[in-house]
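Asker: One file: model29.cif (mmCIF, C-alpha atoms).
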```
data_target
loop_
_atom_site.label_atom_id
_atom_site.label_comp_id
_atom_site.auth_asym_id
_atom_site.auth_seq_id
_atom_site.Cartn_x
_atom_site.Cartn_y
_atom_site.Cartn_z
CA MET A 1 -137.72 101.86 157.55
CA PRO A 2 -140.51 103.92 159.12
CA GLU A 3 -143.68 104.45 157.11
CA PRO A 4 -143.72 108.07 155.83
CA MET A 5 -146.36 110.49 157.14
CA LYS A 6 -149.06 110.42 154.49
CA PRO A 7 -151.19 113.56 154.17
CA ASP A 8 -154.84 113.34 155.10
CA TRP A 9 -156.08 114.21 151.63
CA LYS A 10 -159.72 114.58 152.66
CA GLN A 11 -158.84 117.05 155.39
CA LEU A 12 -156.54 118.95 153.04
CA ILE A 13 -159.29 119.22 150.41
CA ARG A 14 -161.89 120.30 152.96
CA GLU A 15 -159.59 123.03 154.25
CA ARG A 16 -158.52 124.34 150.86
CA MET A 17 -162.02 124.29 149.37
CA ALA A 18 -163.70 125.69 152.47
CA SER A 19 -166.15 128.52 152.00
CA PRO A 20 -167.54 130.96 154.57
CA ASP A 21 -170.96 130.33 153.03
CA PRO A 22 -172.52 127.08 154.36
CA ALA A 23 -174.41 126.73 151.07
CA HIS A 24 -171.05 126.41 149.29
CA VAL A 25 -169.70 123.49 151.29
CA ILE A 26 -168.35 120.83 148.94
CA ALA A 27 -170.29 117.57 149.17
CA PRO A 28 -168.55 114.77 151.12
CA GLU A 29 -168.75 112.42 148.11
CA VAL A 30 -166.83 114.98 146.01
CA VAL A 31 -164.21 115.36 148.75
CA ALA A 32 -163.89 111.56 148.89
CA GLU A 33 -163.52 111.26 145.12
CA LEU A 34 -160.91 114.02 144.85
CA ALA A 35 -159.03 112.57 147.84
CA THR A 36 -158.87 109.17 146.13
CA HIS A 37 -157.53 110.84 142.99
CA LEU A 38 -154.81 112.70 144.93
CA GLU A 39 -153.93 109.53 146.81
CA GLU A 40 -153.40 107.66 143.54
CA ILE A 41 -151.22 110.40 142.09
CA TYR A 42 -149.18 110.49 145.29
CA GLU A 43 -148.68 106.72 145.29
CA ASP A 44 -147.71 106.87 141.63
CA ALA A 45 -145.24 109.70 142.27
CA ARG A 46 -143.65 108.33 145.47
CA PRO A 47 -141.29 105.73 143.92
CA LYS A 48 -140.22 108.26 141.28
CA SER A 49 -139.61 111.13 143.71
CA PRO A 50 -136.41 111.67 145.74
CA THR A 51 -138.38 112.43 148.92
CA ASP A 52 -141.96 112.14 150.20
CA ASP A 53 -142.18 115.90 150.33
CA ALA A 54 -141.33 116.05 146.64
CA ALA A 55 -144.10 113.52 145.92
CA ILE A 56 -146.60 115.57 147.92
CA LYS A 57 -145.49 118.75 146.13
CA PHE A 58 -145.88 117.01 142.78
CA THR A 59 -149.36 115.78 143.74
CA LEU A 60 -150.51 119.22 144.80
CA GLN A 61 -149.52 120.64 141.40
CA GLU A 62 -152.74 119.08 140.12
CA VAL A 63 -154.62 122.10 141.46
CA LYS A 64 -153.29 125.62 140.95
CA ASN A 65 -156.17 127.42 142.64
CA TRP A 66 -158.45 125.54 145.03
CA HIS A 67 -160.89 128.42 145.22
CA VAL A 68 -161.40 128.33 141.45
CA LEU A 69 -161.74 124.53 141.49
CA ALA A 70 -164.38 124.76 144.24
CA ALA A 71 -166.33 127.31 142.18
CA ASP A 72 -165.97 125.20 138.99
CA ILE A 73 -167.26 122.10 140.77
CA ARG A 74 -170.16 123.97 142.36
CA ARG A 75 -171.11 125.37 138.95
CA ALA A 76 -170.75 121.99 137.25
CA ARG A 77 -172.93 120.23 139.84
CA SER A 78 -175.55 122.94 140.31
CA LYS A 79 -178.69 123.14 138.24
CA GLU A 80 -177.97 126.76 137.42
CA ASP A 81 -176.21 127.82 134.25
CA SER A 82 -173.20 130.10 134.02
CA MET A 83 -175.44 133.10 133.35
CA ASN A 84 -176.99 132.67 136.77
CA HIS A 85 -173.55 132.42 138.29
CA ARG A 86 -172.53 135.72 136.66
CA THR A 87 -175.73 137.31 137.91
CA LYS A 88 -175.05 136.10 141.43
CA SER A 89 -171.36 136.95 141.53
CA LEU A 90 -171.30 140.18 139.54
CA TRP A 91 -174.52 141.87 138.43
CA LEU A 92 -176.56 141.41 141.61
CA PRO A 93 -173.82 142.63 144.01
CA ALA A 94 -173.01 145.49 141.61
CA LEU A 95 -176.65 146.51 141.58
CA VAL A 96 -176.85 146.30 145.38
CA SER A 97 -173.82 148.57 145.88
CA LEU A 98 -175.14 151.03 143.25
CA THR A 99 -178.60 151.09 144.86
CA ALA A 100 -177.14 151.54 148.34
CA ALA A 101 -174.92 154.43 147.19
CA SER A 102 -177.79 156.10 145.33
CA LEU A 103 -180.28 155.66 148.16
CA PHE A 104 -177.90 157.18 150.68
CA LEU A 105 -177.40 160.21 148.46
CA TYR A 106 -181.13 160.48 147.81
CA ALA A 107 -181.94 160.18 151.52
CA GLU A 108 -179.42 162.88 152.38
CA GLU A 109 -180.77 165.20 149.75
CA ILE A 110 -184.44 164.66 150.61
CA VAL A 111 -184.32 164.17 154.36
CA LEU A 112 -181.32 166.14 155.55
CA VAL A 113 -181.06 169.05 153.15
CA HIS A 114 -184.25 171.02 153.59
CA ASP A 115 -183.20 173.72 151.17
CA SER A 116 -185.10 172.60 148.07
CA SER A 117 -183.04 174.90 145.87
CA PHE A 118 -179.86 172.94 146.66
CA TYR A 119 -178.85 169.84 144.77
CA PHE A 120 -175.80 167.75 145.50
CA THR A 121 -174.76 168.09 141.88
CA ASP A 122 -174.18 171.75 142.72
CA LEU A 123 -171.04 170.59 144.50
CA SER A 124 -169.27 170.15 141.18
CA LEU A 125 -170.35 173.62 140.05
CA LYS A 126 -169.87 175.52 143.28
CA THR A 127 -166.63 174.20 144.70
CA ARG A 128 -166.89 176.44 147.76
CA TYR A 129 -169.52 173.99 149.06
CA LEU A 130 -166.81 171.37 149.37
CA ILE A 131 -164.60 173.54 151.52
CA SER A 132 -167.16 174.89 153.92
CA GLY A 133 -170.79 174.61 154.78
CA VAL A 134 -173.35 171.94 155.46
CA PRO A 135 -173.42 170.52 151.89
CA GLY A 136 -169.72 169.77 152.17
CA TRP A 137 -170.31 167.80 155.38
CA PHE A 138 -173.08 165.83 153.73
CA TYR A 139 -170.81 165.10 150.78
CA PHE A 140 -168.13 163.70 153.06
CA ALA A 141 -170.75 161.69 154.96
CA TRP A 142 -171.84 160.20 151.63
CA LEU A 143 -168.20 159.51 150.78
CA LEU A 144 -167.79 157.65 154.06
CA ALA A 145 -170.95 155.67 153.29
CA GLN A 146 -169.27 154.54 150.04
CA VAL A 147 -166.85 152.48 152.14
CA LEU A 148 -169.85 150.46 153.37
CA CYS A 149 -171.37 150.26 149.88
CA GLY A 150 -168.08 148.94 148.44
CA ALA A 151 -167.83 146.41 151.25
CA LEU A 152 -171.42 145.30 150.65
CA GLY A 153 -170.89 144.76 146.90
CA ALA A 154 -167.63 142.85 147.34
CA PHE A 155 -169.06 140.77 150.21
CA ILE A 156 -172.12 139.67 148.20
CA SER A 157 -169.92 138.93 145.20
CA ARG A 158 -167.63 136.75 147.31
CA ARG A 159 -170.64 134.91 148.73
CA GLY A 160 -171.80 134.30 145.17
CA GLY A 161 -168.44 132.73 144.31
CA GLY A 162 -167.15 135.81 142.46
CA THR A 163 -163.55 136.02 141.34
CA ARG A 164 -161.35 138.84 142.66
CA ALA A 165 -162.03 140.87 139.49
CA ALA A 166 -165.79 140.40 139.96
CA ARG A 167 -165.53 141.57 143.58
CA VAL A 168 -163.57 144.68 142.53
CA ILE A 169 -166.14 145.53 139.85
CA ALA A 170 -169.12 144.82 142.14
CA GLY A 171 -167.62 146.91 144.94
CA SER A 172 -166.69 149.88 142.79
CA PHE A 173 -169.72 149.74 140.50
CA PRO A 174 -171.31 153.03 141.71
CA ALA A 175 -168.10 154.88 140.76
CA ILE A 176 -167.95 153.08 137.39
CA VAL A 177 -171.50 154.20 136.62
CA MET A 178 -170.78 157.78 137.70
CA PHE A 179 -167.61 157.80 135.59
CA ALA A 180 -169.62 156.67 132.55
CA ILE A 181 -172.27 159.32 133.22
CA CYS A 182 -169.71 162.11 133.61
CA THR A 183 -167.55 161.15 130.64
CA ILE A 184 -170.11 159.81 128.16
CA VAL A 185 -173.70 160.70 128.99
CA ILE A 186 -173.24 164.33 130.10
CA PRO A 187 -170.90 165.38 127.24
CA ILE A 188 -173.17 163.76 124.63
CA SER A 189 -176.32 165.31 126.09
CA ALA A 190 -174.54 168.68 126.35
CA ILE A 191 -173.73 168.52 122.64
CA PHE A 192 -177.26 167.48 121.63
CA GLU A 193 -178.95 169.98 123.92
CA HIS A 194 -176.51 172.76 123.02
CA ASN A 195 -175.76 173.24 126.71
CA SER A 196 -173.40 176.18 126.38
CA PHE A 197 -172.44 176.19 130.08
CA ALA A 198 -171.28 172.57 130.04
CA LEU A 199 -169.50 173.03 126.72
CA ARG A 200 -167.74 176.18 127.88
CA HIS A 201 -166.74 174.80 131.27
CA PRO A 202 -165.05 171.42 130.76
CA SER A 203 -163.20 171.99 134.03
CA ALA A 204 -166.52 171.70 135.90
CA LEU A 205 -167.04 168.32 134.27
CA ALA A 206 -163.51 167.25 135.14
CA PHE A 207 -164.10 168.31 138.74
CA GLY A 208 -167.39 166.40 138.67
CA VAL A 209 -165.53 163.25 137.54
CA MET A 210 -163.11 163.72 140.40
CA ILE A 211 -165.68 164.15 143.17
CA TRP A 212 -168.43 161.86 141.86
CA ALA A 213 -166.28 159.05 140.44
CA GLY A 214 -162.64 159.37 141.54
CA ALA A 215 -163.03 159.98 145.26
CA PRO A 216 -165.96 157.51 145.62
CA ALA A 217 -163.91 154.88 143.74
CA LEU A 218 -161.20 155.13 146.36
CA ALA A 219 -163.74 154.91 149.20
CA LEU A 220 -165.56 151.98 147.58
CA LEU A 221 -162.32 150.06 147.00
CA LEU A 222 -161.29 150.74 150.58
CA GLY A 223 -164.49 149.05 151.73
CA ALA A 224 -164.11 146.20 149.22
CA ALA A 225 -160.48 145.50 150.16
CA PRO A 226 -161.09 143.08 153.08
CA PHE A 227 -163.25 140.93 150.79
CA LEU A 228 -160.70 140.68 147.99
CA LYS A 229 -158.58 138.22 149.92
CA GLU A 230 -159.41 134.54 149.93
CA SER A 231 -160.87 133.38 153.23
CA THR A 232 -158.32 132.26 155.85
CA LEU A 233 -159.48 128.67 155.53
CA GLN A 234 -158.93 128.66 151.79
CA GLN A 235 -155.33 129.74 152.23
CA ALA A 236 -154.62 127.06 154.81
CA VAL B 1 -141.83 113.91 120.92
CA THR B 2 -145.49 114.88 121.09
CA LYS B 3 -146.10 118.49 121.97
CA ARG B 4 -148.58 119.07 124.77
CA ILE B 5 -151.74 120.72 123.48
CA ASN B 6 -152.84 124.09 124.79
CA SER B 7 -155.13 123.67 127.78
CA LYS B 8 -158.04 125.56 126.14
CA ILE B 9 -158.03 123.25 123.11
CA ALA B 10 -157.63 120.24 125.40
CA ARG B 11 -160.62 121.33 127.48
CA GLY B 12 -162.75 121.72 124.34
CA SER B 13 -161.90 118.23 123.21
CA GLY B 14 -162.32 116.79 126.70
CA GLU B 15 -165.93 115.73 126.26
CA LEU B 16 -165.10 113.67 123.16
CA ALA B 17 -162.01 112.16 124.80
CA ILE B 18 -163.94 111.08 127.91
CA LEU B 19 -166.97 109.77 126.01
CA SER B 20 -164.70 107.77 123.69
CA LEU B 21 -162.86 106.17 126.59
CA LEU B 22 -166.02 105.37 128.54
CA ALA B 23 -167.57 103.84 125.41
CA GLU B 24 -164.97 101.09 125.79
CA GLN B 25 -165.37 100.45 129.54
CA PRO B 26 -166.32 102.14 132.82
CA LEU B 27 -163.37 103.98 134.36
CA TYR B 28 -162.63 106.07 137.45
CA GLY B 29 -161.24 109.61 137.36
CA PHE B 30 -157.55 108.87 137.85
CA GLU B 31 -157.67 106.13 135.21
CA ILE B 32 -159.48 108.42 132.74
CA ALA B 33 -156.76 111.07 133.13
CA ARG B 34 -153.99 108.45 132.91
CA GLN B 35 -155.38 106.80 129.78
CA ILE B 36 -155.96 110.10 128.00
CA GLY B 37 -152.35 111.09 128.70
CA GLU B 38 -150.96 107.71 127.69
CA ARG B 39 -153.02 107.16 124.55
CA THR B 40 -152.32 110.64 123.19
CA GLY B 41 -148.61 110.37 123.92
CA GLY B 42 -148.92 113.12 126.52
CA ALA B 43 -150.42 115.62 124.07
CA LEU B 44 -153.68 115.73 126.01
CA GLN B 45 -153.32 115.83 129.76
CA PHE B 46 -156.02 116.32 132.35
CA THR B 47 -155.27 117.38 135.88
CA LEU B 48 -157.65 116.88 138.76
CA ALA B 49 -158.68 120.54 138.41
CA SER B 50 -159.56 120.21 134.73
CA LEU B 51 -161.06 116.71 134.82
CA TYR B 52 -163.65 116.73 137.61
CA PRO B 53 -165.61 119.89 136.73
CA LEU B 54 -165.97 118.39 133.23
CA LEU B 55 -167.01 114.96 134.56
CA TYR B 56 -169.61 116.53 136.89
CA GLU B 57 -170.91 118.70 134.07
CA MET B 58 -171.28 115.63 131.84
CA GLU B 59 -172.97 113.78 134.70
CA LYS B 60 -175.40 116.68 135.14
CA ARG B 61 -176.27 116.51 131.43
CA GLY B 62 -176.92 112.81 131.85
CA TRP B 63 -174.13 111.69 129.50
CA VAL B 64 -172.28 109.68 132.13
CA GLU B 65 -173.17 108.27 135.52
CA GLY B 66 -170.93 107.52 138.44
CA HIS B 67 -171.15 104.75 141.01
CA TRP B 68 -168.89 103.81 143.90
CA GLN B 69 -167.12 100.51 143.75
CA THR B 70 -164.61 98.99 146.15
CA ASN B 71 -161.62 97.20 144.68
CA GLN B 72 -159.83 94.16 146.13
CA ALA B 73 -157.45 96.34 148.11
CA GLY B 74 -160.45 97.94 149.80
CA ARG B 75 -160.15 101.29 148.04
CA ASP B 76 -163.36 103.04 147.07
CA ARG B 77 -163.38 104.49 143.59
CA ARG B 78 -166.11 106.24 141.70
CA TYR B 79 -166.47 104.60 138.29
CA TYR B 80 -168.09 106.44 135.41
CA ARG B 81 -169.99 104.71 132.65
CA LEU B 82 -171.66 105.98 129.53
CA THR B 83 -175.43 106.38 129.63
CA ALA B 84 -177.75 105.90 126.67
CA ARG B 85 -177.84 109.67 126.26
CA GLY B 86 -174.03 109.80 126.32
CA LYS B 87 -173.85 107.11 123.63
CA LYS B 88 -176.15 109.22 121.46
CA GLN B 89 -173.83 112.21 121.91
CA LEU B 90 -170.73 110.37 120.79
CA ALA B 91 -171.48 110.04 117.05
CA PRO B 92 -172.50 113.71 116.51
CA LEU B 93 -169.52 114.89 118.59
CA ARG B 94 -167.13 112.80 116.50
CA GLU B 95 -168.74 114.19 113.34
CA GLU B 96 -168.46 117.73 114.66
CA TRP B 97 -164.75 117.34 115.36
CA ARG B 98 -164.17 115.63 111.99
CA SER B 99 -165.79 118.60 110.25
CA PHE B 100 -163.76 120.97 112.38
CA PHE B 101 -160.47 119.31 111.43
CA GLN B 102 -161.45 119.19 107.74
CA ALA B 103 -162.31 122.89 107.85
CA LEU B 104 -159.07 123.71 109.63
CA ASP B 105 -157.13 121.54 107.20
CA SER B 106 -158.56 123.26 104.16
CA LEU B 107 -157.75 126.61 105.73
CA ALA B 108 -154.39 126.00 107.32
CA GLY B 109 -153.19 122.65 105.94
CA VAL B 110 -152.84 121.23 109.43
CA SER B 111 -152.81 117.56 108.41
CA HIS B 112 -149.50 117.99 106.56
CA ALA B 113 -147.98 120.53 108.90
#
```
Step by step, read the file and then write its structure as structure tokens.

Answerer:
Amino acid sequence: MPEPMKPDWKQLIRERMASPDPAHVIAPEVVAELATHLEEIYEDARPKSPTDDAAIKFTLQEVKNWHVLAADIRRARSKEDSMNHRTKSLWLPALVSLTAASLFLYAEEIVLVHDSSFYFTDLSLKTRYLISGVPGWFYFAWLLAQVLCGALGAFISRRGGGTRAARVIAGSFPAIVMFAICTIVIPISAIFEHNSFALRHPSALAFGVMIWAGAPALALLLGAAPFLKESTLQQA
Amino acid sequence: VTKRINSKIARGSGELAILSLLAEQPLYGFEIARQIGERTGGALQFTLASLYPLLYEMEKRGWVEGHWQTNQAGRDRRYYRLTARGKKQLAPLREEWRSFFQALDSLAGVSHA
């Protein structure tokens, strides 16, 4: 009887735990140890399984998500604690995307719009700006820039070993902050400051939520989307 | 028939299970997982994905240390043994779990359930 084709466990582990970041490459001694473990499970399962394929399938059930295992092992072996991991995979990329989005808006307002009486926040009060005129063009340019900001946040989060949820949050963080400002901060400050305009015109606030949080969220997520998938190597 | 314990509870008890086993003799990963499964009647089961992050974490804390050893068949295995620091952890961990079960028992009567 011919000897069955045994998987190359080391190669399989290297492929499934591969990371685009060279700093995240799993150490050869870990690959060797995990390969030995899989080999022993496979040898244990082979006599009890109807086919070799069934034994391989049974062996591979040991790991549901190789990407998560790679991150768990990196965390367990690194000197950093889980707080640092969260900072690297969530808070830092979120802050980067928020800063990039804010800086772009600030630069447009300061450098490109020379009319000092105009503020971009006017867009939510004077909707005609959105339909025609230079401010509307600048708004759409900023919206386009959100695609890059979302991509940047999700990319840094993925590099930091962030989960898919962390990458979504990091990528869309500028919109999350704007949503919180429009729905919590502005209404509360309007009440405390007796801002009669804001209190009498909730539709302006709703429009503000739409153009400063809703539309940017879509643009940010569009940019983040390519980085929400596992890398090609990890799916192999 | 022993019911398999929820993975979150199993993970929490993993440190005690591994330290207790290694207090008896040095073992390699596959054998640690096998013995835990066998000696708990299948109630506690560790997969590769749940075992190694825990082992590496314990190694980082200095509770266990691993060393490669080749068996007679020529297979390299990484054996783990308890360190002095790991031995010191065992008694307080056992005490902690004993107190936990007593507390749970007085609350929910688990020992007679």

Asker: Set out as JSON lines a contact list for chain A and chain B with a cut-off of 8 Å, giving each residue of chain A that qualifies its closest atom pair and distance in Å to one decimal, counting all atoms listed in the file, ordered by chain and rising residue number.

Answerer:
```
{"residue": "A:Glu33", "atom": "CA", "partner": "B:Arg78", "partner_atom": "CA", "distance": 6.6}
{"residue": "A:Leu34", "atom": "CA", "partner": "B:Leu48", "partner_atom": "CA", "distance": 7.5}
{"residue": "A:Thr36", "atom": "CA", "partner": "B:Arg77", "partner_atom": "CA", "distance": 7.0}
{"residue": "A:His37", "atom": "CA", "partner": "B:Phe30", "partner_atom": "CA", "distance": 5.5}
{"residue": "A:Leu38", "atom": "CA", "partner": "B:Leu48", "partner_atom": "CA", "distance": 8.0}
{"residue": "A:Glu40", "atom": "CA", "partner": "B:Phe30", "partner_atom": "CA", "distance": 7.1}
{"residue": "A:Ile41", "atom": "CA", "partner": "B:Phe30", "partner_atom": "CA", "distance": 7.8}
{"residue": "A:Glu62", "atom": "CA", "partner": "B:Thr47", "partner_atom": "CA", "distance": 5.2}
{"residue": "A:Val63", "atom": "CA", "partner": "B:Ala49", "partner_atom": "CA", "distance": 5.3}
{"residue": "A:Lys64", "atom": "CA", "partner": "B:Ala49", "partner_atom": "CA", "distance": 7.8}
{"residue": "A:Leu69", "atom": "CA", "partner": "B:Ala49", "partner_atom": "CA", "distance": 5.9}
{"residue": "A:Asp72", "atom": "CA", "partner": "B:Pro53", "partner_atom": "CA", "distance": 5.8}
{"residue": "A:Ile73", "atom": "CA", "partner": "B:Pro53", "partner_atom": "CA", "distance": 4.9}
{"residue": "A:Ala76", "atom": "CA", "partner": "B:Glu57", "partner_atom": "CA", "distance": 4.6}
{"residue": "A:Arg77", "atom": "CA", "partner": "B:Tyr56", "partner_atom": "CA", "distance": 5.8}
{"residue": "A:Lys79", "atom": "CA", "partner": "B:Lys60", "partner_atom": "CA", "distance": 7.9}
```

Asker: Step by step, work through what the PyMOL selection byres ((chain A and resi 144) around 12) selects in the shown file, and finish by giving those residues as JSON, numbers by chain.

Answerer: {"A": [101, 104, 105, 137, 138, 139, 140, 141, 142, 143, 145, 146, 147, 148, 149, 150, 151, 215, 216, 217, 218, 219, 220, 221, 222, 223]}

Asker: Would you save the residues of that selection, restricted to C-alpha atoms, as a PDB file, in the coordinates of the input?

Answerer:
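As a result, selection-v5.pdb now contains:
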```
ATOM      1  CA  ALA A 101    -174.920 154.430 147.190  1.00  0.00           C
ATOM      2  CA  PHE A 104    -177.900 157.180 150.680  1.00  0.00           C
ATOM      3  CA  LEU A 105    -177.400 160.210 148.460  1.00  0.00           C
ATOM      4  CA  TRP A 137    -170.310 167.800 155.380  1.00  0.00           C
ATOM      5  CA  PHE A 138    -173.080 165.830 153.730  1.00  0.00           C
ATOM      6  CA  TYR A 139    -170.810 165.100 150.780  1.00  0.00           C
ATOM      7  CA  PHE A 140    -168.130 163.700 153.060  1.00  0.00           C
ATOM      8  CA  ALA A 141    -170.750 161.690 154.960  1.00  0.00           C
ATOM      9  CA  TRP A 142    -171.840 160.200 151.630  1.00  0.00           C
ATOM     10  CA  LEU A 143    -168.200 159.510 150.780  1.00  0.00           C
ATOM     11  CA  ALA A 145    -170.950 155.670 153.290  1.00  0.00           C
ATOM     12  CA  GLN A 146    -169.270 154.540 150.040  1.00  0.00           C
ATOM     13  CA  VAL A 147    -166.850 152.480 152.140  1.00  0.00           C
ATOM     14  CA  LEU A 148    -169.850 150.460 153.370  1.00  0.00           C
ATOM     15  CA  CYS A 149    -171.370 150.260 149.880  1.00  0.00           C
ATOM     16  CA  GLY A 150    -168.080 148.940 148.440  1.00  0.00           C
ATOM     17  CA  ALA A 151    -167.830 146.410 151.250  1.00  0.00           C
ATOM     18  CA  ALA A 215    -163.030 159.980 145.260  1.00  0.00           C
ATOM     19  CA  PRO A 216    -165.960 157.510 145.620  1.00  0.00           C
ATOM     20  CA  ALA A 217    -163.910 154.880 143.740  1.00  0.00           C
ATOM     21  CA  LEU A 218    -161.200 155.130 146.360  1.00  0.00           C
ATOM     22  CA  ALA A 219    -163.740 154.910 149.200  1.00  0.00           C
ATOM     23  CA  LEU A 220    -165.560 151.980 147.580  1.00  0.00           C
ATOM     24  CA  LEU A 221    -162.320 150.060 147.000  1.00  0.00           C
ATOM     25  CA  LEU A 222    -161.290 150.740 150.580  1.00  0.00           C
ATOM     26  CA  GLY A 223    -164.490 149.050 151.730  1.00  0.00           C
TER      27      GLY A 223
END
```

Asker: Between atom CA of Gln102 of chain B and atom CA of Gln89 of chain B, what is the distance, to one decimal in Å?

Answerer: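 The value is 20.1 Å.
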
Asker: When you look at Val25 of chain A with a cut-off of 10 Å (counting all atoms listed in the file), what residues show up, excluding the ones that are within fewer than 6 positions of it in the same chain? I need them as a PyMOL selection string.

Answerer: chain A and resi 14+17-19+70+74

Asker: On this file, the PyMOL selection byres ((chain A and resi 89-97) around 9) gives some set of residues; write that set as a PyMOL selection string.

Answerer: chain A and resi 84-88+98-102+146+148-163+166-167+169-174

Asker: Ranking B:Leu90, B:Ile18, B:Leu107, B:Val64 by minimum distance to Ile32 of chain B and counting all atoms listed in the file, which one comes first?

Answerer: B:Ile18

Asker: For Leu82 of chain B, find every residue with an atom within 10 Å (counting all atoms listed in the file), except residues of its own chain fewer than 5 positions away, and show them as number ranges by chain.

Answerer: B: 18-27, 58-59, 62-66, 87-88, 90

Asker: Write out as a ChimeraX atom specification each polymer residue whose atoms come within 10 Å of Asp44 of chain A, counting all atoms listed in the file; drop sequence neighbours fewer than 5 positions from it.

Answerer: /A:38-39,49,55,59

Asker: Suppose we keep C-alpha atoms; can you now write the selection as a short mmCIF file (atom, residue, chain, number, x, y, z; two decimals), keeping the file's coordinate frame?

Answerer:
```cif
data_model
loop_
_atom_site.label_atom_id
_atom_site.label_comp_id
_atom_site.auth_asym_id
_atom_site.auth_seq_id
_atom_site.Cartn_x
_atom_site.Cartn_y
_atom_site.Cartn_z
CA LEU A 38 -154.81 112.70 144.93
CA GLU A 39 -153.93 109.53 146.81
CA SER A 49 -139.61 111.13 143.71
CA ALA A 55 -144.10 113.52 145.92
CA THR A 59 -149.36 115.78 143.74
#
```

Asker: Could you state the separation of atom CA of Glu15 of chain B and atom CA of Lys10 of chain A in Å, given to one decimal place?

Answerer: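 If I compute the distance from atom CA of Glu15 of chain B to atom CA of Lys10 of chain A, I get 27.1 Å.
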
Asker: Can you work out which one of A:Met210, A:Leu199, A:Ala175, A:Val168 has the shortest atom-to-atom distance to Ala224 of chain A, counting only C-alpha atoms?

Answerer: A:Val168

Asker: If I take atom CA of Gly41 of chain B and atom CA of Ala54 of chain A, how far is one from the other in Å, to one decimal?

Answerer: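 These two atoms are separated by 24.5 Å.
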
Asker: Write segment 46-50 of chain B as a PDB file, in the coordinates of the input, completed to all heavy atoms.

Answerer:
```pdb
ATOM      1  N   PHE B  46    -155.019 115.758 131.447  1.00  0.00           N
ATOM      2  CA  PHE B  46    -156.020 116.320 132.350  1.00  0.00           C
ATOM      3  C   PHE B  46    -155.535 116.240 133.783  1.00  0.00           C
ATOM      4  O   PHE B  46    -155.119 115.184 134.238  1.00  0.00           O
ATOM      5  CB  PHE B  46    -157.354 115.578 132.208  1.00  0.00           C
ATOM      6  CG  PHE B  46    -158.143 116.048 131.023  1.00  0.00           C
ATOM      7  CD1 PHE B  46    -157.919 115.516 129.768  1.00  0.00           C
ATOM      8  CD2 PHE B  46    -159.078 117.057 131.162  1.00  0.00           C
ATOM      9  CE1 PHE B  46    -158.624 115.970 128.672  1.00  0.00           C
ATOM     10  CE2 PHE B  46    -159.789 117.520 130.072  1.00  0.00           C
ATOM     11  CZ  PHE B  46    -159.560 116.974 128.820  1.00  0.00           C
ATOM     12  N   THR B  47    -155.581 117.379 134.448  1.00  0.00           N
ATOM     13  CA  THR B  47    -155.270 117.380 135.880  1.00  0.00           C
ATOM     14  C   THR B  47    -156.570 117.173 136.630  1.00  0.00           C
ATOM     15  O   THR B  47    -157.652 117.215 136.035  1.00  0.00           O
ATOM     16  CB  THR B  47    -154.662 118.736 136.301  1.00  0.00           C
ATOM     17  OG1 THR B  47    -155.636 119.745 136.025  1.00  0.00           O
ATOM     18  CG2 THR B  47    -153.373 119.043 135.579  1.00  0.00           C
ATOM     19  N   LEU B  48    -156.450 117.013 137.924  1.00  0.00           N
ATOM     20  CA  LEU B  48    -157.650 116.880 138.760  1.00  0.00           C
ATOM     21  C   LEU B  48    -158.554 118.100 138.568  1.00  0.00           C
ATOM     22  O   LEU B  48    -159.770 117.982 138.438  1.00  0.00           O
ATOM     23  CB  LEU B  48    -157.208 116.756 140.221  1.00  0.00           C
ATOM     24  CG  LEU B  48    -158.284 116.663 141.298  1.00  0.00           C
ATOM     25  CD1 LEU B  48    -157.793 115.810 142.439  1.00  0.00           C
ATOM     26  CD2 LEU B  48    -158.667 118.016 141.831  1.00  0.00           C
ATOM     27  N   ALA B  49    -157.914 119.289 138.506  1.00  0.00           N
ATOM     28  CA  ALA B  49    -158.680 120.540 138.410  1.00  0.00           C
ATOM     29  C   ALA B  49    -159.418 120.678 137.087  1.00  0.00           C
ATOM     30  O   ALA B  49    -160.453 121.345 137.019  1.00  0.00           O
ATOM     31  CB  ALA B  49    -157.756 121.722 138.623  1.00  0.00           C
ATOM     32  N   SER B  50    -158.880 120.078 136.021  1.00  0.00           N
ATOM     33  CA  SER B  50    -159.560 120.210 134.730  1.00  0.00           C
ATOM     34  C   SER B  50    -160.525 119.051 134.477  1.00  0.00           C
ATOM     35  O   SER B  50    -161.491 119.194 133.728  1.00  0.00           O
ATOM     36  CB  SER B  50    -158.550 120.329 133.589  1.00  0.00           C
ATOM     37  OG  SER B  50    -157.665 119.227 133.605  1.00  0.00           O
TER      38      SER B  50
END
```
